[in-house]
$ cat input_10.txt   # compact mmCIF, C-alpha atoms and all ligand atoms
# COMPACT_ATOMS: atom_id res chain seq x y z
CA MET A 1 27.14 20.22 -14.58
CA SER A 2 25.08 18.88 -17.52
CA ALA A 3 21.97 20.93 -18.18
CA ARG A 4 19.00 19.12 -16.73
CA ILE A 5 16.46 18.19 -19.41
CA LEU A 6 13.59 17.35 -17.06
CA THR A 7 12.65 20.88 -16.04
CA PRO A 8 9.39 22.84 -15.96
CA ASP A 9 8.72 25.63 -18.46
CA ALA A 10 8.29 28.87 -16.46
CA ASP A 11 6.60 30.71 -19.32
CA ALA A 12 4.07 27.92 -19.81
CA ILE A 13 3.23 27.92 -16.09
CA GLU A 14 2.88 31.70 -15.99
CA ALA A 15 0.70 31.72 -19.12
CA SER A 16 -1.62 28.99 -17.85
CA ILE A 17 -2.09 30.74 -14.49
CA ALA A 18 -2.81 34.03 -16.24
CA GLN A 19 -5.29 32.38 -18.60
CA LEU A 20 -7.24 30.73 -15.79
CA ALA A 21 -7.13 33.98 -13.79
CA GLY A 22 -9.07 35.55 -16.64
CA ILE A 23 -12.08 33.24 -16.18
CA VAL A 24 -13.64 34.72 -13.06
CA ASP A 25 -16.69 36.58 -11.78
CA ASP A 26 -15.28 40.05 -12.32
CA SER A 27 -18.08 41.73 -10.37
CA GLU A 28 -16.01 40.89 -7.27
CA GLU A 29 -12.67 42.18 -5.99
CA GLY A 30 -9.69 39.91 -6.59
CA TRP A 31 -10.34 36.55 -8.26
CA THR A 32 -13.68 34.78 -7.75
CA ARG A 33 -14.47 31.40 -9.36
CA GLN A 34 -16.69 29.67 -6.87
CA VAL A 35 -17.82 26.10 -7.28
CA PHE A 36 -20.98 25.61 -9.41
CA SER A 37 -20.72 29.19 -10.74
CA ASP A 38 -20.73 30.02 -14.48
CA PRO A 39 -17.05 31.09 -14.50
CA TYR A 40 -16.20 27.79 -12.79
CA LYS A 41 -18.15 25.81 -15.39
CA LEU A 42 -16.39 27.72 -18.19
CA SER A 43 -12.93 27.29 -16.63
CA ARG A 44 -13.18 23.50 -16.42
CA GLU A 45 -13.11 23.06 -20.20
CA SER A 46 -9.96 25.18 -20.24
CA VAL A 47 -8.31 22.94 -17.61
CA ALA A 48 -9.35 19.80 -19.50
CA GLU A 49 -7.85 21.24 -22.70
CA ARG A 50 -4.55 21.97 -20.91
CA MET A 51 -4.50 18.39 -19.68
CA ARG A 52 -5.08 17.05 -23.20
CA GLU A 53 -2.34 19.32 -24.61
CA ALA A 54 0.07 17.82 -22.06
CA GLY A 55 -0.79 14.34 -23.32
CA LEU A 56 -3.21 13.23 -20.61
CA GLU A 57 -6.32 11.15 -21.36
CA VAL A 58 -9.10 13.23 -19.81
CA HIS A 59 -12.51 12.37 -18.41
CA VAL A 60 -14.87 13.80 -15.78
CA ASP A 61 -15.57 11.22 -13.09
CA GLY A 62 -18.77 10.62 -11.12
CA GLY A 63 -17.71 13.17 -8.52
CA GLY A 64 -17.32 15.94 -11.08
CA ASN A 65 -13.51 15.80 -10.92
CA ILE A 66 -11.52 16.41 -14.09
CA VAL A 67 -9.21 13.38 -14.25
CA GLY A 68 -6.19 13.24 -16.54
CA ARG A 69 -4.35 9.91 -16.92
CA LEU A 70 -0.80 9.34 -18.14
CA ALA A 71 -0.37 5.63 -18.84
CA GLY A 72 2.70 4.00 -17.30
CA THR A 73 4.82 1.27 -18.89
CA ARG A 74 3.64 -1.15 -16.16
CA GLY A 75 0.38 0.55 -15.33
CA GLY A 76 -1.50 -2.71 -15.34
CA GLU A 77 0.72 -4.30 -12.68
CA LEU A 78 1.62 -1.46 -10.33
CA LYS A 79 -0.49 0.84 -8.13
CA PRO A 80 -0.89 4.30 -9.68
CA LEU A 81 0.34 7.68 -8.51
CA MET A 82 -1.99 10.67 -8.15
CA THR A 83 -1.40 14.40 -7.88
CA GLY A 84 -3.65 17.44 -8.23
CA SER A 85 -5.56 20.09 -6.31
CA HIS A 86 -8.48 22.44 -7.06
CA THR A 87 -9.27 25.42 -9.29
CA ASP A 88 -12.30 26.81 -7.49
CA THR A 89 -11.63 29.90 -5.36
CA VAL A 90 -13.12 31.60 -2.34
CA ARG A 91 -15.08 34.80 -2.94
CA ALA A 92 -12.70 37.73 -3.63
CA GLY A 93 -9.77 35.34 -3.37
CA GLY A 94 -6.51 34.89 -5.18
CA ARG A 95 -5.26 33.14 -8.33
CA PHE A 96 -2.79 30.62 -6.86
CA ASP A 97 -4.63 28.70 -4.09
CA GLY A 98 -5.17 25.20 -5.52
CA ILE A 99 -4.52 26.39 -9.07
CA VAL A 100 -0.76 25.98 -8.66
CA GLY A 101 -1.28 22.31 -7.78
CA VAL A 102 -3.40 21.60 -10.86
CA LEU A 103 -1.53 23.62 -13.49
CA GLY A 104 1.82 22.72 -11.92
CA ALA A 105 0.99 19.02 -12.16
CA ILE A 106 -0.04 19.44 -15.80
CA GLU A 107 3.29 21.17 -16.50
CA ALA A 108 5.10 18.34 -14.68
CA VAL A 109 3.55 15.88 -17.13
CA ALA A 110 4.40 18.11 -20.10
CA ALA A 111 8.02 18.34 -18.87
CA MET A 112 8.28 14.55 -18.56
CA ARG A 113 6.98 14.10 -22.09
CA ARG A 114 9.36 16.75 -23.46
CA ALA A 115 12.23 14.89 -21.78
CA GLY A 116 10.97 11.49 -22.97
CA VAL A 117 10.62 10.30 -19.38
CA GLN A 118 8.15 7.44 -18.99
CA LEU A 119 6.86 6.38 -15.61
CA GLN A 120 6.20 2.73 -14.91
CA ARG A 121 3.07 3.56 -12.93
CA ASP A 122 -0.04 5.27 -14.26
CA LEU A 123 -0.13 8.89 -13.09
CA TYR A 124 -3.46 10.62 -12.44
CA VAL A 125 -3.61 14.43 -12.46
CA VAL A 126 -6.88 15.63 -10.91
CA ASP A 127 -8.70 18.95 -10.67
CA PHE A 128 -10.96 18.14 -7.70
CA LEU A 129 -14.46 19.62 -7.70
CA GLY A 130 -15.28 22.26 -5.12
CA GLU A 131 -12.48 22.18 -2.54
CA GLU A 132 -13.52 25.44 -0.89
CA PRO A 133 -16.36 25.40 1.65
CA ASN A 134 -19.60 26.28 -0.16
CA GLU A 135 -22.96 27.62 1.00
CA PHE A 136 -23.83 24.08 2.06
CA GLY A 137 -20.89 23.95 4.47
CA VAL A 138 -19.34 20.99 2.62
CA SER A 139 -15.75 21.44 1.45
CA CYS A 140 -13.77 19.09 -0.82
CA VAL A 141 -16.84 17.70 -2.60
CA GLY A 142 -14.85 16.00 -5.37
CA SER A 143 -12.05 14.57 -3.26
CA ARG A 144 -14.55 13.30 -0.67
CA SER A 145 -16.29 11.52 -3.54
CA VAL A 146 -13.04 9.84 -4.69
CA ALA A 147 -12.13 8.95 -1.10
CA GLY A 148 -15.58 7.49 -0.41
CA VAL A 149 -16.40 10.00 2.35
CA LEU A 150 -19.02 12.05 0.50
CA LEU A 151 -22.20 11.01 2.32
CA PRO A 152 -25.92 11.16 1.47
CA GLU A 153 -26.39 13.64 4.31
CA HIS A 154 -23.90 15.96 2.61
CA LEU A 155 -26.10 16.01 -0.48
CA ASP A 156 -29.11 16.97 1.68
CA MET A 157 -27.31 19.98 3.24
CA ARG A 158 -29.31 23.10 2.41
CA GLY A 159 -27.62 26.40 1.58
CA THR A 160 -28.65 29.98 2.26
CA SER A 161 -30.36 29.97 -1.16
CA GLY A 162 -32.61 27.11 0.05
CA ALA A 163 -31.14 24.69 -2.50
CA THR A 164 -29.44 21.44 -1.46
CA LEU A 165 -25.94 20.37 -2.45
CA GLY A 166 -27.37 17.44 -4.42
CA GLY A 167 -29.83 19.65 -6.29
CA THR A 168 -27.10 22.13 -7.11
CA MET A 169 -24.83 19.36 -8.40
CA GLU A 170 -27.67 18.22 -10.69
CA ARG A 171 -28.14 21.75 -12.02
CA PHE A 172 -24.38 21.80 -12.66
CA GLY A 173 -24.81 18.70 -14.84
CA LEU A 174 -23.63 16.09 -12.34
CA ASP A 175 -25.47 13.05 -11.00
CA PRO A 176 -25.19 13.17 -7.18
CA GLN A 177 -25.83 9.43 -6.93
CA ARG A 178 -22.79 8.81 -9.16
CA ALA A 179 -20.79 11.07 -6.84
CA LEU A 180 -21.73 8.78 -3.95
CA ALA A 181 -20.64 5.73 -5.98
CA ASN A 182 -17.33 7.19 -7.19
CA ALA A 183 -15.02 5.92 -4.43
CA TRP A 184 -11.68 4.30 -5.14
CA GLN A 185 -10.69 1.37 -2.92
CA PRO A 186 -8.74 2.19 0.26
CA GLY A 187 -5.07 1.52 -0.53
CA ALA A 188 -5.69 1.90 -4.27
CA LEU A 189 -2.95 4.53 -4.63
CA HIS A 190 0.79 4.00 -4.43
CA ALA A 191 0.99 7.63 -3.29
CA TYR A 192 -0.80 10.97 -3.49
CA ILE A 193 1.27 14.17 -3.63
CA GLU A 194 -0.08 17.74 -3.81
CA LEU A 195 1.76 20.98 -4.60
CA HIS A 196 0.17 24.01 -2.91
CA ILE A 197 0.98 27.54 -1.78
CA GLU A 198 1.56 27.77 1.98
CA GLN A 199 -1.09 30.47 2.48
CA GLY A 200 0.74 31.65 5.61
CA PRO A 201 4.03 33.39 6.60
CA MET A 202 6.22 30.49 7.83
CA LEU A 203 8.41 29.92 4.73
CA GLU A 204 8.78 33.64 4.04
CA ARG A 205 9.82 34.24 7.68
CA SER A 206 12.43 31.47 7.63
CA GLY A 207 13.55 32.20 4.05
CA ASP A 208 13.03 28.57 2.99
CA GLN A 209 12.01 27.80 -0.58
CA ILE A 210 10.13 24.53 -0.03
CA GLY A 211 7.78 23.41 2.76
CA VAL A 212 7.61 19.68 3.58
CA VAL A 213 4.15 19.46 5.11
CA THR A 214 4.04 17.44 8.37
CA ALA A 215 0.26 17.32 8.87
CA ILE A 216 -2.95 18.89 7.65
CA ALA A 217 -4.99 20.58 10.38
CA GLY A 218 -8.28 19.20 11.58
CA ILE A 219 -11.20 21.62 11.20
CA ASP A 220 -14.25 21.87 13.46
CA ARG A 221 -16.93 24.42 12.66
CA LEU A 222 -19.71 25.73 14.88
CA MET A 223 -22.84 27.79 14.45
CA ALA A 224 -24.08 29.34 17.68
CA THR A 225 -27.57 30.86 18.00
CA PHE A 226 -28.23 33.24 20.91
CA THR A 227 -31.85 33.96 21.90
CA GLY A 228 -32.52 37.03 24.08
CA ARG A 229 -35.43 39.47 24.36
CA GLN A 230 -36.33 42.33 22.02
CA ASP A 231 -36.67 45.62 23.96
CA HIS A 232 -36.58 49.39 23.54
CA ALA A 233 -32.92 50.45 23.36
CA GLY A 234 -33.64 53.77 25.06
CA ALA A 235 -36.02 52.88 27.83
CA THR A 236 -34.62 49.49 28.96
CA PRO A 237 -32.07 49.80 31.81
CA MET A 238 -28.73 48.03 31.21
CA ASP A 239 -29.33 45.59 34.07
CA ALA A 240 -32.77 44.60 32.73
CA ARG A 241 -31.71 43.35 29.29
CA MET A 242 -31.39 39.96 27.62
CA ASP A 243 -29.18 41.20 24.80
CA ALA A 244 -28.44 38.36 22.35
CA LEU A 245 -25.76 40.30 20.49
CA THR A 246 -23.61 41.13 23.53
CA ALA A 247 -23.67 37.44 24.48
CA ALA A 248 -22.53 36.60 20.94
CA ALA A 249 -19.85 39.30 21.01
CA SER A 250 -18.51 37.89 24.27
CA ALA A 251 -18.40 34.45 22.60
CA VAL A 252 -16.36 35.86 19.69
CA LEU A 253 -13.67 36.99 22.13
CA THR A 254 -13.81 33.68 24.03
CA ILE A 255 -13.24 31.83 20.74
CA GLU A 256 -10.28 34.10 19.93
CA ARG A 257 -8.80 33.52 23.43
CA GLU A 258 -8.94 29.74 22.92
CA GLY A 259 -7.12 30.00 19.60
CA CYS A 260 -4.41 32.16 21.16
CA GLY A 261 -3.92 29.57 23.88
CA ALA A 262 -3.28 26.58 21.62
CA PRO A 263 -0.05 24.77 22.68
CA VAL A 264 1.16 23.60 19.25
CA HIS A 265 -0.56 24.81 16.11
CA GLY A 266 -4.12 25.93 16.70
CA VAL A 267 -6.28 28.78 15.47
CA ALA A 268 -9.84 29.95 16.07
CA THR A 269 -11.79 32.32 13.85
CA THR A 270 -15.28 33.78 13.91
CA GLY A 271 -15.95 34.50 10.27
CA ARG A 272 -19.46 35.93 10.53
CA ILE A 273 -21.94 37.35 13.06
CA GLU A 274 -25.54 38.45 12.53
CA ALA A 275 -28.11 40.09 14.82
CA TYR A 276 -31.91 40.46 14.60
CA PRO A 277 -33.79 42.75 14.11
CA GLY A 278 -30.68 44.83 13.51
CA SER A 279 -31.88 48.39 14.30
CA PHE A 280 -30.14 51.13 16.27
CA ASN A 281 -32.97 51.46 18.73
CA ILE A 282 -33.82 47.79 19.46
CA VAL A 283 -32.04 45.47 21.90
CA PRO A 284 -31.28 42.40 19.69
CA SER A 285 -33.44 39.38 20.42
CA GLU A 286 -31.36 36.98 18.32
CA ALA A 287 -27.76 36.68 17.22
CA ARG A 288 -25.83 34.05 15.28
CA LEU A 289 -22.16 33.45 14.79
CA TRP A 290 -20.23 31.11 12.51
CA ALA A 291 -16.78 30.06 13.70
CA GLU A 292 -14.12 27.46 13.11
CA LEU A 293 -11.30 25.91 15.07
CA ARG A 294 -8.26 24.26 13.50
CA SER A 295 -5.25 22.38 14.76
CA THR A 296 -2.87 19.63 13.76
CA ASP A 297 -3.19 18.58 17.44
CA SER A 298 -6.33 16.40 17.56
CA GLU A 299 -6.30 16.28 21.34
CA TRP A 300 -6.37 20.08 21.68
CA LEU A 301 -9.06 20.32 19.03
CA SER A 302 -11.43 17.88 20.77
CA GLY A 303 -10.73 19.51 24.17
CA VAL A 304 -11.46 23.01 22.97
CA LYS A 305 -14.97 22.10 21.81
CA GLY A 306 -15.97 21.11 25.37
CA ARG A 307 -14.32 24.18 26.92
CA LEU A 308 -15.97 26.59 24.48
CA ALA A 309 -19.45 25.10 24.95
CA LYS A 310 -19.04 25.50 28.74
CA GLU A 311 -17.59 29.06 28.70
CA ILE A 312 -19.99 30.44 26.10
CA GLY A 313 -22.94 28.70 27.82
CA GLU A 314 -22.12 30.15 31.24
CA GLU A 315 -21.78 33.71 29.90
CA ALA A 316 -25.05 33.44 27.93
CA GLU A 317 -26.84 32.20 31.06
CA ARG A 318 -25.39 35.08 33.09
CA ARG A 319 -26.97 37.42 30.56
CA GLY A 320 -30.29 35.57 30.57
CA VAL A 321 -29.77 34.57 26.94
CA GLY A 322 -30.57 31.14 25.46
CA LEU A 323 -27.87 29.31 23.47
CA MET A 324 -27.84 26.55 20.84
CA ILE A 325 -24.51 25.36 19.38
CA GLU A 326 -24.35 23.13 16.30
CA TRP A 327 -20.94 21.53 15.58
CA LEU A 328 -19.80 20.34 12.13
CA THR A 329 -16.50 18.48 11.81
CA ASP A 330 -15.10 19.41 8.45
CA GLN A 331 -12.12 17.07 8.68
CA ASP A 332 -9.86 15.37 11.22
CA ALA A 333 -6.18 16.28 11.52
CA VAL A 334 -4.20 14.09 9.09
CA PRO A 335 -0.44 13.43 9.32
CA THR A 336 1.47 13.12 6.05
CA SER A 337 3.49 10.03 5.11
CA PRO A 338 6.94 10.10 6.77
CA ALA A 339 8.37 8.07 3.88
CA ILE A 340 7.23 10.62 1.30
CA ARG A 341 8.31 13.53 3.51
CA ASP A 342 11.84 12.09 3.35
CA ILE A 343 11.59 11.77 -0.45
CA ILE A 344 10.51 15.42 -0.76
CA ALA A 345 13.35 16.57 1.50
CA ARG A 346 15.91 14.55 -0.50
CA SER A 347 14.53 15.96 -3.76
CA ALA A 348 14.81 19.52 -2.47
CA ASP A 349 18.37 18.83 -1.32
CA ARG A 350 19.28 17.29 -4.68
CA LEU A 351 17.84 20.27 -6.51
CA GLY A 352 19.60 22.71 -4.17
CA TYR A 353 16.47 24.20 -2.66
CA SER A 354 16.24 25.08 1.04
CA TRP A 355 13.35 23.41 2.83
CA LYS A 356 11.74 23.05 6.24
CA PRO A 357 8.98 20.93 7.76
CA VAL A 358 5.76 22.93 8.24
CA PRO A 359 2.20 22.14 9.44
CA SER A 360 -0.69 23.07 7.19
CA GLY A 361 -3.28 25.27 8.91
CA ALA A 362 -5.23 25.19 5.66
CA GLY A 363 -7.40 22.25 4.72
CA HIS A 364 -6.73 20.41 1.47
CA ASP A 365 -8.06 17.69 -0.81
CA ALA A 366 -4.97 15.73 0.25
CA ALA A 367 -6.53 15.18 3.69
CA HIS A 368 -9.21 13.01 2.06
CA LEU A 369 -6.88 11.29 -0.42
CA ALA A 370 -5.05 9.89 2.62
CA HIS A 371 -7.87 7.31 2.69
CA LEU A 372 -6.48 5.85 -0.55
CA GLY A 373 -2.77 5.63 0.23
CA PRO A 374 0.32 7.43 1.57
CA MET A 375 -0.16 11.19 1.16
CA ALA A 376 2.16 14.20 1.29
CA MET A 377 2.25 17.88 0.29
CA ILE A 378 4.85 20.28 -1.06
CA PHE A 379 4.46 23.94 -0.07
CA ILE A 380 5.87 27.01 -1.77
CA PRO A 381 5.94 30.46 -0.13
CA SER A 382 3.09 32.99 -0.07
CA VAL A 383 4.24 36.62 -0.28
CA GLY A 384 3.41 38.36 2.99
CA GLY A 385 1.75 35.11 4.12
CA ARG A 386 -1.42 36.33 2.43
CA SER A 387 -4.09 34.07 0.88
CA HIS A 388 -7.88 33.90 0.47
CA ALA A 389 -7.47 37.56 -0.49
CA PRO A 390 -6.72 39.49 -3.71
CA GLU A 391 -3.20 40.13 -2.35
CA GLU A 392 -2.41 36.38 -2.57
CA PHE A 393 0.81 36.11 -4.61
CA THR A 394 3.59 33.61 -5.33
CA PRO A 395 6.32 34.54 -7.86
CA THR A 396 6.76 32.27 -10.90
CA ASP A 397 10.29 31.34 -9.76
CA ASP A 398 8.83 29.87 -6.55
CA ILE A 399 6.17 27.99 -8.51
CA VAL A 400 8.82 26.59 -10.87
CA ARG A 401 10.83 25.35 -7.85
CA GLY A 402 7.70 23.67 -6.53
CA VAL A 403 6.98 21.98 -9.87
CA ASP A 404 10.66 20.98 -10.12
CA VAL A 405 10.40 19.21 -6.76
CA LEU A 406 7.04 17.68 -7.74
CA ILE A 407 8.58 16.19 -10.90
CA ASP A 408 11.54 14.79 -8.98
CA VAL A 409 9.32 13.37 -6.23
CA LEU A 410 6.97 11.75 -8.76
CA THR A 411 9.89 10.04 -10.51
CA GLU A 412 11.25 8.88 -7.12
CA LEU A 413 7.83 7.61 -6.01
CA ASP A 414 7.44 5.81 -9.32
CA ARG A 415 10.57 3.76 -8.60
CA ALA A 416 9.86 3.26 -4.88
CA GLU A 417 8.50 -0.06 -3.68
CA ALA A 418 5.42 -0.12 -1.44
CA LEU A 419 5.50 2.94 0.82
CA LEU A 420 4.46 2.95 4.44
CA ALA A 421 1.46 5.24 4.81
O1 LIG A 501 -10.30 26.58 4.17
C1 LIG A 501 -9.25 26.04 3.83
O2 LIG A 501 -8.39 25.80 4.64
C2 LIG A 501 -9.00 25.69 2.40
O3 LIG A 501 -8.38 26.78 1.79
N1 LIG A 501 -10.20 25.34 1.72
MN MN A 502 -8.46 27.81 -0.06
MN MN A 503 -6.46 25.27 -1.46

$ encode --input "input_10.txt" --output "structure tokens"
Amino acid sequence: MSARILTPDADAIEASIAQLAGIVDDSEEGWTRQVFSDPYKLSRESVAERMREAGLEVHVDGGGNIVGRLAGTRGGELKPLMTGSHTDTVRAGGRFDGIVGVLGAIEAVAAMRRAGVQLQRDLYVVDFLGEEPNEFGVSCVGSRSVAGVLLPEHLDMRGTSGATLGGTMERFGLDPQRALANAWQPGALHAYIELHIEQGPMLERSGDQIGVVTAIAGIDRLMATFTGRQDHAGATPMDARMDALTAAASAVLTIEREGCGAPVHGVATTGRIEAYPGSFNIVPSEARLWAELRSTDSEWLSGVKGRLAKEIGEEAERRGVGLMIEWLTDQDAVPTSPAIRDIIARSADRLGYSWKPVPSGAGHDAAHLAHLGPMAMIFIPSVGGRSHAPEEFTPTDDIVRGVDVLIDVLTELDRAEALLA
């Protein structure tokens, strides 16, 4: 079989991941490069430089996204392709989540240029600003801006520091009003494709090398505030209390029970709980919890909100505790394009890689890019199914297979006529 010339360079991929992994807040465990932080600001010049080295024309758009463009031979006539992901991390996270999709896409472009392959369509490679949820509770800031779903009320969201998202964007050197005016037209893209680590155990359990993502989970988030009565922990009988924290603790287990009962793919997580005043010898008068629910099944997701509000409300009332629940929909469940799913599967077959269809429990920029055209995602395995943790790891061989499929899919998409969304 003739040696293929259009192949990714494993050493280049490994070196670029290692280099970016070095630009972090090293006062934390694992890898921390949160949006708007100094390490994040520093890392973006490094990503832009990598894009330029690969032959991309680079600019930062109104939404703070680093956009690399590879001109196509018929770029003026045909709708463009777009690929990318994010390079911000969660706190004490890993060095592959999002990063593989940005650096892998840059390597895909470098491989095409080495092989003298020219696409007919323009290809955009994007490092989207701030994909991870931030203190303002707004995830995917940059991709929302491109998709036209970053809203003025998002900019007014106030974080734990008291700052707003808009004010923080300004301090980062961005103009929030430009971020609101940065939308591409719906249907502007021929296709959007994102390479990402799975962040769960499905591919490792089945032994498949490539995941063809079927849908990206919808995410609903809630903040529940429980208001009880502050009392002496020693002198107040158990049946005379209005204990805000026990009501919240009961809610945590109710939320978990709902997640365990999801029929298809559904999960429920309470990520944080706080109590006031927080002393050994005082019955808590106030408690708060932050939780999220996810599913690719929109019907289950909307049903669970009503059930939780009822169950948590009844238990709080039984304990004489007041309850306020605020809901925030982070994103709706988004199916991927069946046409592009088939192209990914055929590419994996052609390249000799095993593959399987998998849902994405994680949220992604791709969910918002679906506003602009047919969208799909390529997953590669996560060792031990771990992610959003220092243990997050994907071997270079797996990343190379993902980039290999990405290259093949991009060249197939480039030739394909109009795709059904
Ligand atoms: O939270 C998520 O699912 C994504 O990793 N931001
Ligand atoms: Mn993430
Ligand atoms: Mn991610």

$ residues_near_ligand --input "input_10.txt" --ligand "ligand LIG 501 (chain A)" --cutoff "8 Å" --atoms "only C-alpha atoms and all ligand atoms" --output "list in words"
Val90, Asp97, Glu131, Glu132, Pro133, Ser139, Cys140, Gly361, Ala362, Gly363, His364 and His388 of chain A

$ write_last_selection --input "input_10.txt" --atoms "C-alpha atoms" --output "short mmCIF file (atom, residue, chain, number, x, y, z; two decimals), in the coordinates of the input"
data_model
loop_
_atom_site.label_atom_id
_atom_site.label_comp_id
_atom_site.auth_asym_id
_atom_site.auth_seq_id
_atom_site.Cartn_x
_atom_site.Cartn_y
_atom_site.Cartn_z
CA VAL A 90 -13.12 31.60 -2.34
CA ASP A 97 -4.63 28.70 -4.09
CA GLU A 131 -12.48 22.18 -2.54
CA GLU A 132 -13.52 25.44 -0.89
CA PRO A 133 -16.36 25.40 1.65
CA SER A 139 -15.75 21.44 1.45
CA CYS A 140 -13.77 19.09 -0.82
CA GLY A 361 -3.28 25.27 8.91
CA ALA A 362 -5.23 25.19 5.66
CA GLY A 363 -7.40 22.25 4.72
CA HIS A 364 -6.73 20.41 1.47
CA HIS A 388 -7.88 33.90 0.47
#

$ residues_near_ligand --input "input_10.txt" --ligand "ligand MN 503 (chain A)" --cutoff "12 Å" --atoms "all atoms listed in the file" --output "number ranges by chain"
A: 84-90, 93-102, 127-133, 139-140, 194-200, 216, 360-367, 377, 379, 387-388, 392

$ closest_residue --input "input_10.txt" --among "A:Thr32, A:Ser206, A:Ser27, A:Thr269" --to "ligand MN 502 (chain A)" --atoms "only C-alpha atoms and all ligand atoms"
A:Thr32

$ closest_atom_pairs --input "input_10.txt" --of "stretch 346-370 of chain A" --to "stretch 165-185 of chain A" --cutoff "12 Å" --atoms "only C-alpha atoms" --output "Markdown table"
| residue | atom | partner | partner_atom | distance |
| --- | --- | --- | --- | --- |
| A:His368 | CA | A:Ala183 | CA | 11.2 |
| A:Leu369 | CA | A:Trp184 | CA | 9.7 |
| A:Ala370 | CA | A:Gln185 | CA | 11.6 |

$ residues_near_point --input "input_10.txt" --point "(-0.4, 6.6, -11.1)" --cutoff "12 Å" --atoms "all atoms listed in the file" --output "mmCIF file with C-alpha atoms, keeping the file's coordinate frame"
data_model
loop_
_atom_site.group_PDB
_atom_site.id
_atom_site.type_symbol
_atom_site.label_atom_id
_atom_site.label_comp_id
_atom_site.auth_asym_id
_atom_site.auth_seq_id
_atom_site.Cartn_x
_atom_site.Cartn_y
_atom_site.Cartn_z
ATOM 1 C CA LEU A 56 -3.210 13.230 -20.610
ATOM 2 C CA VAL A 67 -9.210 13.380 -14.250
ATOM 3 C CA GLY A 68 -6.190 13.240 -16.540
ATOM 4 C CA ARG A 69 -4.350 9.910 -16.920
ATOM 5 C CA LEU A 70 -0.800 9.340 -18.140
ATOM 6 C CA ALA A 71 -0.370 5.630 -18.840
ATOM 7 C CA GLY A 72 2.700 4.000 -17.300
ATOM 8 C CA THR A 73 4.820 1.270 -18.890
ATOM 9 C CA ARG A 74 3.640 -1.150 -16.160
ATOM 10 C CA GLY A 75 0.380 0.550 -15.330
ATOM 11 C CA GLY A 76 -1.500 -2.710 -15.340
ATOM 12 C CA GLU A 77 0.720 -4.300 -12.680
ATOM 13 C CA LEU A 78 1.620 -1.460 -10.330
ATOM 14 C CA LYS A 79 -0.490 0.840 -8.130
ATOM 15 C CA PRO A 80 -0.890 4.300 -9.680
ATOM 16 C CA LEU A 81 0.340 7.680 -8.510
ATOM 17 C CA MET A 82 -1.990 10.670 -8.150
ATOM 18 C CA THR A 83 -1.400 14.400 -7.880
ATOM 19 C CA GLY A 84 -3.650 17.440 -8.230
ATOM 20 C CA VAL A 109 3.550 15.880 -17.130
ATOM 21 C CA GLN A 118 8.150 7.440 -18.990
ATOM 22 C CA LEU A 119 6.860 6.380 -15.610
ATOM 23 C CA GLN A 120 6.200 2.730 -14.910
ATOM 24 C CA ARG A 121 3.070 3.560 -12.930
ATOM 25 C CA ASP A 122 -0.040 5.270 -14.260
ATOM 26 C CA LEU A 123 -0.130 8.890 -13.090
ATOM 27 C CA TYR A 124 -3.460 10.620 -12.440
ATOM 28 C CA VAL A 125 -3.610 14.430 -12.460
ATOM 29 C CA VAL A 126 -6.880 15.630 -10.910
ATOM 30 C CA ALA A 188 -5.690 1.900 -4.270
ATOM 31 C CA LEU A 189 -2.950 4.530 -4.630
ATOM 32 C CA HIS A 190 0.790 4.000 -4.430
ATOM 33 C CA ALA A 191 0.990 7.630 -3.290
ATOM 34 C CA TYR A 192 -0.800 10.970 -3.490
ATOM 35 C CA ILE A 193 1.270 14.170 -3.630
ATOM 36 C CA GLY A 373 -2.770 5.630 0.230
ATOM 37 C CA LEU A 410 6.970 11.750 -8.760
ATOM 38 C CA THR A 411 9.890 10.040 -10.510
ATOM 39 C CA LEU A 413 7.830 7.610 -6.010
ATOM 40 C CA ASP A 414 7.440 5.810 -9.320
ATOM 41 C CA ARG A 415 10.570 3.760 -8.600
#

$ atom_distance --input "input_10.txt" --atom1 "atom CA of A:Leu293" --atom2 "atom CA of A:Gly211"
22.8 Å

$ closest_residue --input "input_10.txt" --among "A:Asp332, A:Ser43, A:Ala92, A:Glu258" --to "ligand MN 502 (chain A)" --atoms "all atoms listed in the file"
A:Ala92

$ closest_residue --input "input_10.txt" --among "A:Gly162, A:Gly352, A:Pro263, A:Gly320" --to "A:Asp239" --atoms "all atoms listed in the file"
A:Gly320
